[in-house]
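Enquirer: The structure's right below; bear with me while I get my questions together.
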Amino acid sequence: AQSVTQLDSHVSVSEGTPVLLRCNYSSSYSPSLFWYVQHPNKGLQLLLKYTSAATLVKGINGFEAEFKKSETSFHLTKPSAHMSDAAEYFCVVSDRGYSTLTFGKGTMLLVSP
Amino acid sequence: DAMVIQNPRYQVTQFGKPVTLSCSQTLNHNVMYWYQQKSSQAPKLLFHYYDKDFNNEADTPDNFQSRRPNTSFCFLDIRSPGLGDAAMYLCATSRDRDRGLGSSYNEQFFGPGTRLTVL
């Protein structure tokens, strides 16, 4: 069975400061891991994905995440927050081919001027 | 651009009145999914189609049905909507890795969603 824990339901940062959204996972197989972002009343957009290639994954809009198998973590970071980054972020794991995704509960990122 | 399209974006229905939500895709993906997302919650998978094979999640109520007449289209039918069915409904697609040619296997592409209101 697979599971995802997003350690913070809300994260507040000031514009221009670093962002860290934490995610831990559990999987019986070699997992694929994703971060999706959802702006209000919008669908989910893929930020980045890990599929057993490089452990440091770069995504869109300056985000990146590092897969750490020993820590079962896949934390999302960005060096400098922008107001447009304010949204909900979901960490997602999949361990069986095309099959279903397991979502974390989401982390709401708030960015203040 | 290849994409996942959902219509309508906003749907209002009355309690107990059947409603159909539509999803289409130009990605030619063989797998299509329907999710329900309630306010401040993660998306919850209702069911998915692998080609024409329908796969229902164990806890999806019988009130929810789906049809996939061809590769491009998939419909979500709610036979008798209740107040508790008000939510955002998300459609997604993916390409099974056994047929995929690249590294995009099991990545799901989401549509913009349909916001359902039940009066």
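Naming works like this for the structure tokens: A, B, ... for the chains as they're shown, residue 1 at the start of each chain, ligands 1 onward in shown order.
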With a distance threshold of 8 Å and counting only C-alpha atoms, extract the residues of chain B near chain A and express them as a PyMOL selection string.
Expert: chain B and resi 31+41-43+45+90+94-97+103+105-107+109-113+115
Enquirer: Taking the backbone alone, and naming residues the way the document does, which bits of chain A are strand (DSSP E or B) by DSSP, as a PyMOL selection string?
Expert: chain A and resi 3-6+10-14+19-21+23-26+32-38+44-50+56-58+64-68+73-78+87-94+102-103+107-112
Enquirer: Excluding Gln14 (chain B) and any residue of its chain fewer than 5 positions from it, enumerate the residues within 12 Å of it, using only C-alpha atoms, and give them as a PDB file with C-alpha atoms, in the first residue's frame.
Expert:
ATOM      1  CA  VAL B  19     -26.874  15.795 -14.429  1.00  0.00           C
ATOM      2  CA  ILE B  78     -25.031  11.698 -11.414  1.00  0.00           C
ATOM      3  CA  ARG B  79     -28.434  10.054 -11.341  1.00  0.00           C
ATOM      4  CA  SER B  80     -29.951  11.804  -8.338  1.00  0.00           C
ATOM      5  CA  PRO B  81     -27.690  14.536  -7.008  1.00  0.00           C
ATOM      6  CA  GLY B  82     -27.818  15.253  -3.329  1.00  0.00           C
ATOM      7  CA  LEU B  83     -26.556  18.292  -1.467  1.00  0.00           C
ATOM      8  CA  ASP B  85     -22.531  15.857  -4.141  1.00  0.00           C
ATOM      9  CA  ALA B  86     -21.746  19.539  -4.561  1.00  0.00           C
ATOM     10  CA  LEU B 116     -21.210  21.454  -9.439  1.00  0.00           C
ATOM     11  CA  THR B 117     -23.747  23.263  -7.275  1.00  0.00           C
ATOM     12  CA  VAL B 118     -26.839  21.414  -6.033  1.00  0.00           C
ATOM     13  CA  LEU B 119     -29.815  23.534  -4.977  1.00  0.00           C
TER      14      LEU B 119
END
Enquirer: List as a PDB file with N, CA and C atoms, in the first residue's frame the protein and nucleic acid residues near Phe73 (chain B), meaning an atom at most 6 Å away when only C-alpha atoms are counted, but skip any in the same chain fewer than 2 places from it.
Expert:
ATOM      1  N   CYS B  23     -16.159  15.327 -20.435  1.00  0.00           N
ATOM      2  CA  CYS B  23     -14.704  15.469 -20.524  1.00  0.00           C
ATOM      3  C   CYS B  23     -14.263  14.986 -21.895  1.00  0.00           C
ATOM      4  N   SER B  24     -13.381  15.747 -22.525  1.00  0.00           N
ATOM      5  CA  SER B  24     -12.792  15.292 -23.785  1.00  0.00           C
ATOM      6  C   SER B  24     -11.291  15.544 -23.752  1.00  0.00           C
ATOM      7  N   ARG B  68     -17.920   5.918 -21.577  1.00  0.00           N
ATOM      8  CA  ARG B  68     -16.823   6.326 -22.448  1.00  0.00           C
ATOM      9  C   ARG B  68     -17.127   5.800 -23.853  1.00  0.00           C
ATOM     10  N   ASN B  70     -15.965   6.651 -26.757  1.00  0.00           N
ATOM     11  CA  ASN B  70     -14.780   6.518 -27.621  1.00  0.00           C
ATOM     12  C   ASN B  70     -13.558   6.981 -26.848  1.00  0.00           C
ATOM     13  N   THR B  71     -12.395   6.945 -27.480  1.00  0.00           N
ATOM     14  CA  THR B  71     -11.148   7.288 -26.785  1.00  0.00           C
ATOM     15  C   THR B  71     -11.159   8.710 -26.266  1.00  0.00           C
TER      16      THR B  71
END
Enquirer: Any idea what's packed within 7 Å of His75 (chain A), counting only C-alpha atoms, ignoring anything in its chain fewer than 4 positions away? Could you give it as an MDAnalysis selection string?
Expert: chainID A and resid 20:23 65:66
Enquirer: By how many Å are CA of Val4 (chain A) and CA of Asn63 (chain B) apart?
Expert: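 Going from CA of Val4 (chain A) over to CA of Asn63 (chain B), I get 28.7 Å.
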Enquirer: Find, counting only C-alpha atoms, the residue in A:Ser12, A:Asn24, A:Thr5, A:Thr17 that gets nearest to Lys78 (chain A).
Expert: A:Thr17
Enquirer: One decimal, in Å: what's the spacing between CA of Ser80 (chain A) and CA of Val19 (chain A)?
Expert: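 That distance, rounded to one decimal, is 6.8 Å.
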Enquirer: Find the residues near Met32 (chain B): any atom within 6 Å, counting only C-alpha atoms, skip ones fewer than 5 places away on the same chain, and give them as a list in words.
Expert: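 So the residues in contact are His48, Tyr49, Ala92 and Thr93 of chain B.
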Enquirer: Contacts of Ser26 (chain A) at 7 Å or less, counting only C-alpha atoms, minus same-chain residues fewer than 2 places along, as a ChimeraX atom specification?
Expert: /A:2-4,72
Enquirer: Which residue, A:Phe67, A:Trp35, A:Ala86, A:Gly62, has the smallest gap to Gln6 (chain A) when you use only C-alpha atoms?
Expert: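 Looking only at the distances to Gln6 (chain A), the closest residue turns out to be A:Trp35.
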